[in-house]
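Text of data_21.cif, listed as mmCIF, N, CA and C atoms and all ligand atoms:
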data_structure
loop_
_atom_site.label_atom_id
_atom_site.label_comp_id
_atom_site.auth_asym_id
_atom_site.auth_seq_id
_atom_site.Cartn_x
_atom_site.Cartn_y
_atom_site.Cartn_z
N MET A 114 -52.46 41.74 31.26
CA MET A 114 -53.52 40.73 31.18
C MET A 114 -53.12 39.48 31.96
N THR A 115 -53.97 39.05 32.83
CA THR A 115 -53.71 37.84 33.60
C THR A 115 -54.58 36.72 33.04
N SER A 116 -53.95 35.60 32.73
CA SER A 116 -54.71 34.48 32.15
C SER A 116 -55.63 33.86 33.20
N ALA A 117 -56.59 33.07 32.72
CA ALA A 117 -57.55 32.42 33.62
C ALA A 117 -56.80 31.51 34.61
N ARG A 118 -55.80 30.81 34.10
CA ARG A 118 -55.05 29.88 34.97
C ARG A 118 -54.29 30.66 36.03
N ALA A 119 -53.68 31.78 35.64
CA ALA A 119 -52.95 32.61 36.60
C ALA A 119 -53.88 33.11 37.69
N THR A 120 -55.10 33.50 37.30
CA THR A 120 -56.09 33.99 38.27
C THR A 120 -56.43 32.91 39.29
N VAL A 121 -56.63 31.68 38.79
CA VAL A 121 -56.96 30.56 39.68
C VAL A 121 -55.82 30.33 40.68
N ILE A 122 -54.60 30.33 40.18
CA ILE A 122 -53.44 30.09 41.04
C ILE A 122 -53.29 31.20 42.07
N LEU A 123 -53.48 32.42 41.64
CA LEU A 123 -53.37 33.56 42.57
C LEU A 123 -54.42 33.46 43.67
N GLU A 124 -55.62 33.00 43.30
CA GLU A 124 -56.66 32.86 44.30
C GLU A 124 -56.31 31.76 45.30
N GLN A 125 -55.74 30.67 44.79
CA GLN A 125 -55.31 29.57 45.67
C GLN A 125 -54.23 30.05 46.64
N LEU A 126 -53.40 30.95 46.18
CA LEU A 126 -52.30 31.46 47.01
C LEU A 126 -52.75 32.61 47.91
N GLY A 127 -54.02 32.95 47.81
CA GLY A 127 -54.53 34.06 48.62
C GLY A 127 -54.13 35.42 48.07
N ASP A 128 -53.82 35.44 46.77
CA ASP A 128 -53.40 36.68 46.12
C ASP A 128 -54.50 37.27 45.24
N GLY A 129 -55.73 36.83 45.45
CA GLY A 129 -56.81 37.32 44.59
C GLY A 129 -57.13 38.78 44.87
N GLY A 130 -58.19 39.24 44.24
CA GLY A 130 -58.65 40.60 44.51
C GLY A 130 -57.67 41.67 44.12
N ARG A 131 -57.53 42.67 44.96
CA ARG A 131 -56.76 43.85 44.54
C ARG A 131 -55.25 43.62 44.52
N ARG A 132 -54.79 42.51 45.14
CA ARG A 132 -53.35 42.25 45.10
C ARG A 132 -52.91 41.56 43.82
N ARG A 133 -53.85 41.47 42.87
CA ARG A 133 -53.54 40.82 41.60
C ARG A 133 -52.42 41.55 40.84
N THR A 134 -52.15 42.79 41.17
CA THR A 134 -51.09 43.54 40.48
C THR A 134 -49.77 43.45 41.25
N SER A 135 -49.68 42.56 42.25
CA SER A 135 -48.45 42.42 43.03
C SER A 135 -47.33 41.88 42.13
N PRO A 136 -46.05 42.10 42.53
CA PRO A 136 -44.93 41.57 41.74
C PRO A 136 -45.05 40.06 41.54
N ARG A 137 -45.50 39.36 42.59
CA ARG A 137 -45.63 37.92 42.48
C ARG A 137 -46.65 37.55 41.39
N ALA A 138 -47.75 38.30 41.35
CA ALA A 138 -48.77 38.05 40.32
C ALA A 138 -48.20 38.28 38.92
N ALA A 139 -47.35 39.29 38.79
CA ALA A 139 -46.74 39.58 37.49
C ALA A 139 -45.81 38.44 37.07
N VAL A 140 -45.08 37.87 38.04
CA VAL A 140 -44.18 36.76 37.73
C VAL A 140 -44.99 35.53 37.29
N ILE A 141 -46.07 35.24 38.02
CA ILE A 141 -46.92 34.09 37.69
C ILE A 141 -47.50 34.26 36.29
N ALA A 142 -48.02 35.44 35.99
CA ALA A 142 -48.62 35.68 34.68
C ALA A 142 -47.57 35.52 33.58
N ALA A 143 -46.36 36.05 33.81
CA ALA A 143 -45.30 35.97 32.80
C ALA A 143 -44.85 34.52 32.59
N ALA A 144 -44.78 33.76 33.68
CA ALA A 144 -44.35 32.35 33.58
C ALA A 144 -45.37 31.54 32.79
N LEU A 145 -46.66 31.80 33.03
CA LEU A 145 -47.71 31.02 32.37
C LEU A 145 -47.93 31.44 30.93
N ARG A 146 -47.46 32.64 30.57
CA ARG A 146 -47.58 33.09 29.19
C ARG A 146 -46.60 32.38 28.26
N ARG A 147 -45.53 31.86 28.87
CA ARG A 147 -44.49 31.20 28.07
C ARG A 147 -45.02 29.90 27.48
N THR A 148 -44.82 29.71 26.17
CA THR A 148 -45.31 28.49 25.54
C THR A 148 -44.19 27.45 25.41
N HIS A 149 -42.94 27.88 25.63
CA HIS A 149 -41.81 26.96 25.55
C HIS A 149 -41.07 26.98 26.89
N PRO A 150 -40.34 25.91 27.20
CA PRO A 150 -39.56 25.91 28.44
C PRO A 150 -38.63 27.13 28.50
N PHE A 151 -38.47 27.69 29.68
CA PHE A 151 -37.68 28.91 29.84
C PHE A 151 -36.75 28.79 31.03
N THR A 152 -35.72 29.60 31.04
CA THR A 152 -34.82 29.62 32.19
C THR A 152 -35.23 30.76 33.12
N ALA A 153 -34.82 30.67 34.37
CA ALA A 153 -35.11 31.73 35.34
C ALA A 153 -34.52 33.05 34.83
N GLN A 154 -33.34 32.94 34.23
CA GLN A 154 -32.66 34.14 33.73
C GLN A 154 -33.48 34.86 32.66
N GLN A 155 -34.12 34.10 31.78
CA GLN A 155 -34.96 34.72 30.75
C GLN A 155 -36.12 35.48 31.37
N LEU A 156 -36.69 34.90 32.42
CA LEU A 156 -37.81 35.55 33.08
C LEU A 156 -37.33 36.80 33.83
N VAL A 157 -36.17 36.68 34.48
CA VAL A 157 -35.59 37.82 35.20
C VAL A 157 -35.38 38.99 34.23
N ARG A 158 -34.83 38.68 33.05
CA ARG A 158 -34.57 39.72 32.05
C ARG A 158 -35.86 40.38 31.58
N SER A 159 -36.90 39.55 31.31
CA SER A 159 -38.12 40.13 30.76
C SER A 159 -38.90 40.92 31.82
N LEU A 160 -38.69 40.60 33.11
CA LEU A 160 -39.44 41.31 34.16
C LEU A 160 -38.67 42.48 34.75
N ALA A 161 -37.39 42.57 34.42
CA ALA A 161 -36.56 43.65 34.95
C ALA A 161 -37.13 45.01 34.52
N ARG A 162 -37.68 45.02 33.29
CA ARG A 162 -38.29 46.25 32.75
C ARG A 162 -39.42 46.75 33.64
N SER A 163 -40.16 45.81 34.25
CA SER A 163 -41.27 46.20 35.13
C SER A 163 -40.80 46.43 36.56
N GLY A 164 -39.49 46.41 36.75
CA GLY A 164 -38.94 46.71 38.08
C GLY A 164 -39.05 45.54 39.06
N ILE A 165 -39.22 44.33 38.54
CA ILE A 165 -39.34 43.16 39.42
C ILE A 165 -37.96 42.52 39.59
N GLY A 166 -37.58 42.35 40.84
CA GLY A 166 -36.23 41.87 41.16
C GLY A 166 -36.07 40.38 40.99
N ARG A 167 -34.81 40.00 40.87
CA ARG A 167 -34.38 38.62 40.71
C ARG A 167 -34.88 37.71 41.84
N ALA A 168 -34.81 38.21 43.07
CA ALA A 168 -35.21 37.39 44.23
C ALA A 168 -36.69 37.04 44.15
N THR A 169 -37.52 38.00 43.74
CA THR A 169 -38.96 37.76 43.61
C THR A 169 -39.22 36.70 42.54
N VAL A 170 -38.48 36.79 41.44
CA VAL A 170 -38.66 35.83 40.35
C VAL A 170 -38.31 34.42 40.85
N PHE A 171 -37.14 34.29 41.50
CA PHE A 171 -36.71 32.96 41.97
C PHE A 171 -37.66 32.40 43.03
N ARG A 172 -38.07 33.25 43.97
CA ARG A 172 -38.98 32.81 45.03
C ARG A 172 -40.31 32.33 44.44
N THR A 173 -40.82 33.08 43.46
CA THR A 173 -42.10 32.72 42.86
C THR A 173 -41.98 31.44 42.03
N LEU A 174 -40.86 31.27 41.34
CA LEU A 174 -40.65 30.03 40.57
C LEU A 174 -40.62 28.83 41.52
N ASP A 175 -39.94 28.97 42.65
CA ASP A 175 -39.90 27.88 43.65
C ASP A 175 -41.31 27.53 44.11
N LEU A 176 -42.08 28.58 44.36
CA LEU A 176 -43.46 28.40 44.83
C LEU A 176 -44.28 27.65 43.78
N LEU A 177 -44.16 28.06 42.52
CA LEU A 177 -44.93 27.43 41.44
C LEU A 177 -44.52 25.97 41.24
N VAL A 178 -43.24 25.67 41.46
CA VAL A 178 -42.79 24.28 41.35
C VAL A 178 -43.39 23.47 42.49
N SER A 179 -43.38 24.03 43.71
CA SER A 179 -43.91 23.27 44.85
C SER A 179 -45.43 23.10 44.74
N GLU A 180 -46.10 24.00 44.02
CA GLU A 180 -47.55 23.87 43.81
C GLU A 180 -47.87 22.96 42.62
N GLY A 181 -46.83 22.52 41.88
CA GLY A 181 -47.06 21.64 40.74
C GLY A 181 -47.50 22.37 39.48
N VAL A 182 -47.42 23.70 39.50
CA VAL A 182 -47.82 24.49 38.33
C VAL A 182 -46.71 24.47 37.28
N LEU A 183 -45.47 24.49 37.76
CA LEU A 183 -44.31 24.41 36.89
C LEU A 183 -43.48 23.20 37.30
N ALA A 184 -42.70 22.68 36.34
CA ALA A 184 -41.74 21.63 36.66
C ALA A 184 -40.36 22.10 36.21
N ARG A 185 -39.34 21.66 36.94
CA ARG A 185 -37.96 21.92 36.53
C ARG A 185 -37.54 20.81 35.57
N ILE A 186 -36.96 21.25 34.45
CA ILE A 186 -36.49 20.31 33.44
C ILE A 186 -35.00 20.56 33.29
N HIS A 187 -34.25 19.46 33.21
CA HIS A 187 -32.81 19.61 33.07
C HIS A 187 -32.44 19.61 31.61
N GLY A 188 -31.84 20.69 31.17
CA GLY A 188 -31.50 20.82 29.76
C GLY A 188 -30.05 21.16 29.55
N ILE A 189 -29.70 21.28 28.28
CA ILE A 189 -28.35 21.66 27.93
C ILE A 189 -28.45 22.85 26.98
N GLU A 190 -27.80 23.94 27.33
CA GLU A 190 -27.85 25.12 26.49
C GLU A 190 -26.42 25.59 26.23
N HIS A 191 -26.09 25.80 24.96
CA HIS A 191 -24.74 26.20 24.56
C HIS A 191 -23.70 25.28 25.21
N GLY A 192 -23.99 23.98 25.23
CA GLY A 192 -23.03 23.01 25.73
C GLY A 192 -22.94 22.86 27.24
N SER A 193 -23.66 23.69 28.00
CA SER A 193 -23.58 23.52 29.45
C SER A 193 -24.97 23.21 30.03
N ARG A 194 -24.95 22.57 31.16
CA ARG A 194 -26.20 22.16 31.81
C ARG A 194 -26.98 23.37 32.28
N CYS A 195 -28.30 23.32 32.16
CA CYS A 195 -29.11 24.41 32.70
C CYS A 195 -30.43 23.85 33.19
N VAL A 196 -31.08 24.60 34.02
CA VAL A 196 -32.39 24.21 34.53
C VAL A 196 -33.41 25.09 33.82
N ARG A 197 -34.42 24.48 33.25
CA ARG A 197 -35.49 25.24 32.62
C ARG A 197 -36.80 24.91 33.34
N TYR A 198 -37.77 25.76 33.11
CA TYR A 198 -39.08 25.58 33.73
C TYR A 198 -40.10 25.37 32.64
N THR A 199 -41.06 24.50 32.90
CA THR A 199 -42.13 24.27 31.93
C THR A 199 -43.46 24.22 32.68
N ALA A 200 -44.50 24.80 32.06
CA ALA A 200 -45.82 24.79 32.69
C ALA A 200 -46.39 23.38 32.62
N CYS A 201 -47.05 22.96 33.68
CA CYS A 201 -47.56 21.60 33.77
C CYS A 201 -49.08 21.55 33.80
N GLY A 202 -49.61 20.52 33.17
CA GLY A 202 -51.04 20.27 33.25
C GLY A 202 -51.43 19.88 34.67
N PRO A 203 -52.73 19.93 34.97
CA PRO A 203 -53.19 19.71 36.35
C PRO A 203 -53.12 18.26 36.82
N THR A 204 -53.05 17.28 35.90
CA THR A 204 -53.02 15.89 36.36
C THR A 204 -51.60 15.32 36.27
N HIS A 205 -51.35 14.30 37.08
CA HIS A 205 -50.01 13.72 37.19
C HIS A 205 -49.49 13.22 35.84
N HIS A 206 -48.26 13.54 35.55
CA HIS A 206 -47.66 13.12 34.28
C HIS A 206 -46.14 13.12 34.40
N HIS A 207 -45.50 12.66 33.34
CA HIS A 207 -44.04 12.69 33.27
C HIS A 207 -43.63 13.49 32.05
N HIS A 208 -42.34 13.70 31.89
CA HIS A 208 -41.88 14.54 30.79
C HIS A 208 -40.95 13.80 29.83
N LEU A 209 -41.16 14.11 28.56
CA LEU A 209 -40.24 13.69 27.51
C LEU A 209 -39.49 14.95 27.11
N MET A 210 -38.17 14.91 27.12
CA MET A 210 -37.39 16.11 26.81
C MET A 210 -36.48 15.82 25.62
N CYS A 211 -36.60 16.64 24.55
CA CYS A 211 -35.75 16.45 23.38
C CYS A 211 -34.42 17.17 23.59
N ARG A 212 -33.34 16.42 23.50
CA ARG A 212 -32.01 17.00 23.70
C ARG A 212 -31.56 17.83 22.51
N SER A 213 -32.26 17.67 21.40
CA SER A 213 -31.86 18.41 20.21
C SER A 213 -32.56 19.77 20.14
N CYS A 214 -33.89 19.81 20.22
CA CYS A 214 -34.60 21.09 20.08
C CYS A 214 -35.10 21.62 21.42
N GLY A 215 -35.03 20.81 22.47
CA GLY A 215 -35.41 21.29 23.80
C GLY A 215 -36.89 21.22 24.12
N ARG A 216 -37.70 20.71 23.17
CA ARG A 216 -39.14 20.64 23.45
C ARG A 216 -39.42 19.67 24.58
N VAL A 217 -40.50 19.95 25.29
CA VAL A 217 -40.90 19.09 26.40
C VAL A 217 -42.33 18.65 26.14
N GLU A 218 -42.57 17.36 26.24
CA GLU A 218 -43.94 16.84 26.08
C GLU A 218 -44.34 16.13 27.36
N GLU A 219 -45.63 16.16 27.64
CA GLU A 219 -46.14 15.45 28.81
C GLU A 219 -46.59 14.06 28.39
N ILE A 220 -46.27 13.06 29.20
CA ILE A 220 -46.82 11.73 28.95
C ILE A 220 -47.42 11.18 30.23
N ARG A 221 -48.45 10.38 30.06
CA ARG A 221 -49.10 9.73 31.20
C ARG A 221 -48.90 8.23 31.04
N ALA A 222 -48.52 7.58 32.11
CA ALA A 222 -48.22 6.15 32.06
C ALA A 222 -48.86 5.49 33.26
N SER A 223 -50.15 5.16 33.14
CA SER A 223 -50.91 4.68 34.30
C SER A 223 -50.33 3.41 34.91
N GLY A 224 -49.88 2.47 34.07
CA GLY A 224 -49.36 1.22 34.60
C GLY A 224 -48.13 1.39 35.47
N LEU A 225 -47.39 2.47 35.18
CA LEU A 225 -46.12 2.72 35.85
C LEU A 225 -46.29 3.19 37.30
N GLU A 226 -47.38 3.90 37.56
CA GLU A 226 -47.56 4.54 38.87
C GLU A 226 -47.58 3.51 40.00
N GLU A 227 -48.39 2.45 39.83
CA GLU A 227 -48.52 1.42 40.87
C GLU A 227 -47.19 0.70 41.06
N ARG A 228 -46.50 0.50 39.96
CA ARG A 228 -45.23 -0.20 39.97
C ARG A 228 -44.18 0.58 40.78
N ILE A 229 -44.15 1.88 40.56
CA ILE A 229 -43.20 2.73 41.28
C ILE A 229 -43.49 2.71 42.78
N ASP A 230 -44.78 2.84 43.12
CA ASP A 230 -45.16 2.82 44.54
C ASP A 230 -44.81 1.48 45.17
N ALA A 231 -45.04 0.40 44.41
CA ALA A 231 -44.74 -0.94 44.93
C ALA A 231 -43.24 -1.10 45.19
N LEU A 232 -42.42 -0.56 44.28
CA LEU A 232 -40.97 -0.63 44.45
C LEU A 232 -40.55 0.09 45.72
N ALA A 233 -41.16 1.25 45.98
CA ALA A 233 -40.82 2.02 47.17
C ALA A 233 -41.25 1.28 48.43
N ARG A 234 -42.49 0.73 48.40
CA ARG A 234 -43.03 0.03 49.58
C ARG A 234 -42.21 -1.21 49.91
N ALA A 235 -41.70 -1.87 48.86
CA ALA A 235 -40.88 -3.06 49.06
C ALA A 235 -39.62 -2.73 49.86
N ARG A 236 -39.25 -1.46 49.88
CA ARG A 236 -38.09 -1.04 50.65
C ARG A 236 -38.49 -0.39 51.96
N GLY A 237 -39.78 -0.56 52.32
CA GLY A 237 -40.27 0.01 53.57
C GLY A 237 -40.45 1.51 53.50
N PHE A 238 -40.63 2.02 52.31
CA PHE A 238 -40.70 3.46 52.05
C PHE A 238 -42.13 3.83 51.72
N GLU A 239 -42.66 4.85 52.35
CA GLU A 239 -44.01 5.31 52.01
C GLU A 239 -43.89 6.35 50.90
N PRO A 240 -44.30 6.00 49.67
CA PRO A 240 -44.11 6.94 48.56
C PRO A 240 -45.10 8.11 48.61
N LEU A 241 -44.58 9.31 48.46
CA LEU A 241 -45.43 10.51 48.48
C LEU A 241 -45.48 11.20 47.12
N GLY A 242 -44.53 10.88 46.27
CA GLY A 242 -44.52 11.49 44.94
C GLY A 242 -43.25 11.10 44.22
N HIS A 243 -43.19 11.37 42.94
CA HIS A 243 -42.00 11.05 42.16
C HIS A 243 -41.98 11.90 40.91
N GLY A 244 -40.87 11.93 40.25
CA GLY A 244 -40.76 12.63 38.97
C GLY A 244 -39.94 11.80 38.01
N ILE A 245 -40.38 11.76 36.78
CA ILE A 245 -39.63 11.02 35.77
C ILE A 245 -39.45 11.91 34.54
N GLU A 246 -38.23 12.01 34.10
CA GLU A 246 -37.93 12.80 32.91
C GLU A 246 -37.19 11.88 31.94
N ILE A 247 -37.78 11.68 30.78
CA ILE A 247 -37.14 10.83 29.77
C ILE A 247 -36.48 11.75 28.75
N GLN A 248 -35.17 11.60 28.59
CA GLN A 248 -34.46 12.43 27.64
C GLN A 248 -34.19 11.67 26.36
N GLY A 249 -34.28 12.35 25.25
CA GLY A 249 -34.03 11.68 23.97
C GLY A 249 -34.14 12.66 22.81
N ILE A 250 -34.48 12.14 21.64
CA ILE A 250 -34.61 12.96 20.44
C ILE A 250 -36.05 12.81 19.94
N CYS A 251 -36.73 13.91 19.75
CA CYS A 251 -38.15 13.86 19.38
C CYS A 251 -38.33 13.41 17.93
N SER A 252 -39.58 13.07 17.58
CA SER A 252 -39.86 12.54 16.24
C SER A 252 -39.51 13.56 15.14
N GLU A 253 -39.75 14.85 15.41
CA GLU A 253 -39.44 15.86 14.41
C GLU A 253 -37.95 15.97 14.16
N CYS A 254 -37.16 15.94 15.24
CA CYS A 254 -35.71 16.04 15.09
C CYS A 254 -35.12 14.79 14.44
N ARG A 255 -35.80 13.66 14.61
CA ARG A 255 -35.30 12.42 14.03
C ARG A 255 -35.63 12.32 12.55
N ALA A 256 -36.65 13.06 12.13
CA ALA A 256 -37.11 12.97 10.72
C ALA A 256 -36.06 13.55 9.76
ZN ZN B 301 -45.25 18.82 33.30
ZN ZN B 302 -36.60 17.76 19.01
ZN ZN B 303 -45.81 9.14 37.76
#
How does the structure come out when it is put into structure tokens?
Amino acid sequence: MTSARATVILEQLGDGGRRRTSPRAAVIAAALRRTHPFTAQQLVRSLARSGIGRATVFRTLDLLVSEGVLARIHGIEHGSRCVRYTACGPTHHHHLMCRSCGRVEEIRASGLEERIDALARARGFEPLGHGIEIQGICSECRA
């Protein structure tokens, strides 16, 4: 089953129609089915059963990040640093990441956007985009 969002993305990538069953389509569908942040390794493991290789998984994840469909989140798992992926909403936002339970929340901060661009311009820099990840402890973990 391919979700509505996966279908839209596949069409944008020119993968619509009969190529919907391509390995790349399977990776996109599997990534968007995840409700919690995941590592590339977890996706590789779950897709290995369908005969989809590691390289396809990594290439597709890179593509989804560059399209803004997924974001890379820096986390800590079993005491070591890891990169996880999280599905992103269609409008610009930043991330709150809980260091205790690993949950990721989206936040929008309209006042901040102009300020960031102004800081860049003040240095003679034409801003094209930015990412902000706030790490901390979520309200549930603090309770
Ligand atoms: Zn996001
Ligand atoms: Zn938490
Ligand atoms: Zn922003």
Inset, instruction - Kindly give the distance, in Å, that separates atom N of Pro240 in chain A and atom C of Ile220 in chain A, rounded to a single decimal. - result: 20.4 Å
Inset, instruction - Could you tell me, as a ChimeraX atom specification, which residues of chain A DSSP assigns to strand (DSSP E) when given the backbone? - result: /A:183-190,193-200,207-211,217-220,246-249
Kindly save the residues from that selection, with N, CA and C atoms included, as a JSON list (two decimals), keeping the file's coordinate frame.
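part30.json, written as the output of this step:
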[["chain", "number", "residue", "atom", "x", "y", "z"],
["A", 183, "LEU", "N", -45.47, 24.49, 37.76],
["A", 183, "LEU", "CA", -44.31, 24.41, 36.89],
["A", 183, "LEU", "C", -43.48, 23.20, 37.30],
["A", 184, "ALA", "N", -42.70, 22.68, 36.34],
["A", 184, "ALA", "CA", -41.74, 21.63, 36.66],
["A", 184, "ALA", "C", -40.36, 22.10, 36.21],
["A", 185, "ARG", "N", -39.34, 21.66, 36.94],
["A", 185, "ARG", "CA", -37.96, 21.92, 36.53],
["A", 185, "ARG", "C", -37.54, 20.81, 35.57],
["A", 186, "ILE", "N", -36.96, 21.25, 34.45],
["A", 186, "ILE", "CA", -36.49, 20.31, 33.44],
["A", 186, "ILE", "C", -35.00, 20.56, 33.29],
["A", 187, "HIS", "N", -34.25, 19.46, 33.21],
["A", 187, "HIS", "CA", -32.81, 19.61, 33.07],
["A", 187, "HIS", "C", -32.44, 19.61, 31.61],
["A", 188, "GLY", "N", -31.84, 20.69, 31.17],
["A", 188, "GLY", "CA", -31.50, 20.82, 29.76],
["A", 188, "GLY", "C", -30.05, 21.16, 29.55],
["A", 189, "ILE", "N", -29.70, 21.28, 28.28],
["A", 189, "ILE", "CA", -28.35, 21.66, 27.93],
["A", 189, "ILE", "C", -28.45, 22.85, 26.98],
["A", 190, "GLU", "N", -27.80, 23.94, 27.33],
["A", 190, "GLU", "CA", -27.85, 25.12, 26.49],
["A", 190, "GLU", "C", -26.42, 25.59, 26.23],
["A", 193, "SER", "N", -23.66, 23.69, 28.00],
["A", 193, "SER", "CA", -23.58, 23.52, 29.45],
["A", 193, "SER", "C", -24.97, 23.21, 30.03],
["A", 194, "ARG", "N", -24.95, 22.57, 31.16],
["A", 194, "ARG", "CA", -26.20, 22.16, 31.81],
["A", 194, "ARG", "C", -26.98, 23.37, 32.28],
["A", 195, "CYS", "N", -28.30, 23.32, 32.16],
["A", 195, "CYS", "CA", -29.11, 24.41, 32.70],
["A", 195, "CYS", "C", -30.43, 23.85, 33.19],
["A", 196, "VAL", "N", -31.08, 24.60, 34.02],
["A", 196, "VAL", "CA", -32.39, 24.21, 34.53],
["A", 196, "VAL", "C", -33.41, 25.09, 33.82],
["A", 197, "ARG", "N", -34.42, 24.48, 33.25],
["A", 197, "ARG", "CA", -35.49, 25.24, 32.62],
["A", 197, "ARG", "C", -36.80, 24.91, 33.34],
["A", 198, "TYR", "N", -37.77, 25.76, 33.11],
["A", 198, "TYR", "CA", -39.08, 25.58, 33.73],
["A", 198, "TYR", "C", -40.10, 25.37, 32.64],
["A", 199, "THR", "N", -41.06, 24.50, 32.90],
["A", 199, "THR", "CA", -42.13, 24.27, 31.93],
["A", 199, "THR", "C", -43.46, 24.22, 32.68],
["A", 200, "ALA", "N", -44.50, 24.80, 32.06],
["A", 200, "ALA", "CA", -45.82, 24.79, 32.69],
["A", 200, "ALA", "C", -46.39, 23.38, 32.62],
["A", 207, "HIS", "N", -45.50, 12.66, 33.34],
["A", 207, "HIS", "CA", -44.04, 12.69, 33.27],
["A", 207, "HIS", "C", -43.63, 13.49, 32.05],
["A", 208, "HIS", "N", -42.34, 13.70, 31.89],
["A", 208, "HIS", "CA", -41.88, 14.54, 30.79],
["A", 208, "HIS", "C", -40.95, 13.80, 29.83],
["A", 209, "LEU", "N", -41.16, 14.11, 28.56],
["A", 209, "LEU", "CA", -40.24, 13.69, 27.51],
["A", 209, "LEU", "C", -39.49, 14.95, 27.11],
["A", 210, "MET", "N", -38.17, 14.91, 27.12],
["A", 210, "MET", "CA", -37.39, 16.11, 26.81],
["A", 210, "MET", "C", -36.48, 15.82, 25.62],
["A", 211, "CYS", "N", -36.60, 16.64, 24.55],
["A", 211, "CYS", "CA", -35.75, 16.45, 23.38],
["A", 211, "CYS", "C", -34.42, 17.17, 23.59],
["A", 217, "VAL", "N", -40.50, 19.95, 25.29],
["A", 217, "VAL", "CA", -40.90, 19.09, 26.40],
["A", 217, "VAL", "C", -42.33, 18.65, 26.14],
["A", 218, "GLU", "N", -42.57, 17.36, 26.24],
["A", 218, "GLU", "CA", -43.94, 16.84, 26.08],
["A", 218, "GLU", "C", -44.34, 16.13, 27.36],
["A", 219, "GLU", "N", -45.63, 16.16, 27.64],
["A", 219, "GLU", "CA", -46.14, 15.45, 28.81],
["A", 219, "GLU", "C", -46.59, 14.06, 28.39],
["A", 220, "ILE", "N", -46.27, 13.06, 29.20],
["A", 220, "ILE", "CA", -46.82, 11.73, 28.95],
["A", 220, "ILE", "C", -47.42, 11.18, 30.23],
["A", 246, "GLU", "N", -38.23, 12.01, 34.10],
["A", 246, "GLU", "CA", -37.93, 12.80, 32.91],
["A", 246, "GLU", "C", -37.19, 11.88, 31.94],
["A", 247, "ILE", "N", -37.78, 11.68, 30.78],
["A", 247, "ILE", "CA", -37.14, 10.83, 29.77],
["A", 247, "ILE", "C", -36.48, 11.75, 28.75],
["A", 248, "GLN", "N", -35.17, 11.60, 28.59],
["A", 248, "GLN", "CA", -34.46, 12.43, 27.64],
["A", 248, "GLN", "C", -34.19, 11.67, 26.36],
["A", 249, "GLY", "N", -34.28, 12.35, 25.25],
["A", 249, "GLY", "CA", -34.03, 11.68, 23.97],
["A", 249, "GLY", "C", -34.14, 12.66, 22.81]]
Inset, instruction - Please identify every polymer residue within 7 Å of ligand ZN 301 (chain B), using only C-alpha atoms and all ligand atoms, and present the set as a ChimeraX atom specification. - result: /A:183-184,199-202,206-208,219
Legend entry - Residue nearest Leu145 in chain A among A:Ala233, A:Leu126, A:Leu177, A:Ile165 (counting only C-alpha atoms): A:Leu177
Inset, instruction - Quick one: everything within 6 Å of Ala142 in chain A, counting only C-alpha atoms, minus sequence neighbours fewer than 2 positions away in the same chain. Send it as an MDAnalysis selection string. - result: chainID A and resid 115 119 139:140 144:145
How close does each residue of chain A get to ligand ZN 302 (chain B), giving the shortest atom pair and distance in Å to one decimal for every residue with an atom at most 7 Å away, counting only N, CA and C atoms and all ligand atoms, sorted by chain and residue number, as a Markdown table?
| residue | atom | partner | partner_atom | distance |
| --- | --- | --- | --- | --- |
| A:Met210 | C | B:ZN302 | ZN | 6.9 |
| A:Cys211 | CA | B:ZN302 | ZN | 4.6 |
| A:Arg212 | N | B:ZN302 | ZN | 5.7 |
| A:Ser213 | C | B:ZN302 | ZN | 4.7 |
| A:Cys214 | N | B:ZN302 | ZN | 3.6 |
| A:Gly215 | N | B:ZN302 | ZN | 4.9 |
| A:Arg216 | N | B:ZN302 | ZN | 5.2 |
| A:Gly249 | C | B:ZN302 | ZN | 6.8 |
| A:Ile250 | C | B:ZN302 | ZN | 5.1 |
| A:Cys251 | N | B:ZN302 | ZN | 3.9 |
| A:Ser252 | N | B:ZN302 | ZN | 5.7 |
| A:Glu253 | C | B:ZN302 | ZN | 5.3 |
| A:Cys254 | N | B:ZN302 | ZN | 4.2 |
| A:Arg255 | N | B:ZN302 | ZN | 6.1 |
Inset, instruction - Report as a list in words which protein, DNA and RNA residues come within 8 Å of ligand ZN 303 (chain B), using only N, CA and C atoms and all ligand atoms. - result: His205, His206, His207, Ile220, Arg221, Ala222, Ser223, Leu225, Glu226, Glu227, Ile229, Gly242, His243, Gly244 and Ile245 of chain A
Inset, instruction - Any chance you could list, as a count of residues only, the residues in chain A that come up helix (DSSP H, G or I) when DSSP is run on the backbone? - result: 63
Excluding Arg197 in chain A and residues on its chain fewer than 6 positions from it, collect all residues at most 6 Å away from it, counting only C-alpha atoms, and give them as a PDB file with N, CA and C atoms, keeping the file's coordinate frame.
ATOM      1  N   PRO A 150     -40.340  25.910  27.200  1.00  0.00           N
ATOM      2  CA  PRO A 150     -39.560  25.910  28.440  1.00  0.00           C
ATOM      3  C   PRO A 150     -38.630  27.130  28.500  1.00  0.00           C
ATOM      4  N   PHE A 151     -38.470  27.690  29.680  1.00  0.00           N
ATOM      5  CA  PHE A 151     -37.680  28.910  29.840  1.00  0.00           C
ATOM      6  C   PHE A 151     -36.750  28.790  31.030  1.00  0.00           C
ATOM      7  N   THR A 152     -35.720  29.600  31.040  1.00  0.00           N
ATOM      8  CA  THR A 152     -34.820  29.620  32.190  1.00  0.00           C
ATOM      9  C   THR A 152     -35.230  30.760  33.120  1.00  0.00           C
ATOM     10  N   ARG A 185     -39.340  21.660  36.940  1.00  0.00           N
ATOM     11  CA  ARG A 185     -37.960  21.920  36.530  1.00  0.00           C
ATOM     12  C   ARG A 185     -37.540  20.810  35.570  1.00  0.00           C
ATOM     13  N   ILE A 186     -36.960  21.250  34.450  1.00  0.00           N
ATOM     14  CA  ILE A 186     -36.490  20.310  33.440  1.00  0.00           C
ATOM     15  C   ILE A 186     -35.000  20.560  33.290  1.00  0.00           C
TER      16      ILE A 186
END
Inset, instruction - May I ask which of the residues A:His187, A:Arg137, A:Arg147, A:Arg118 is the closest one to Pro203 in chain A, counting only C-alpha atoms? - result: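 Nearest to Pro203 in chain A: A:Arg118.
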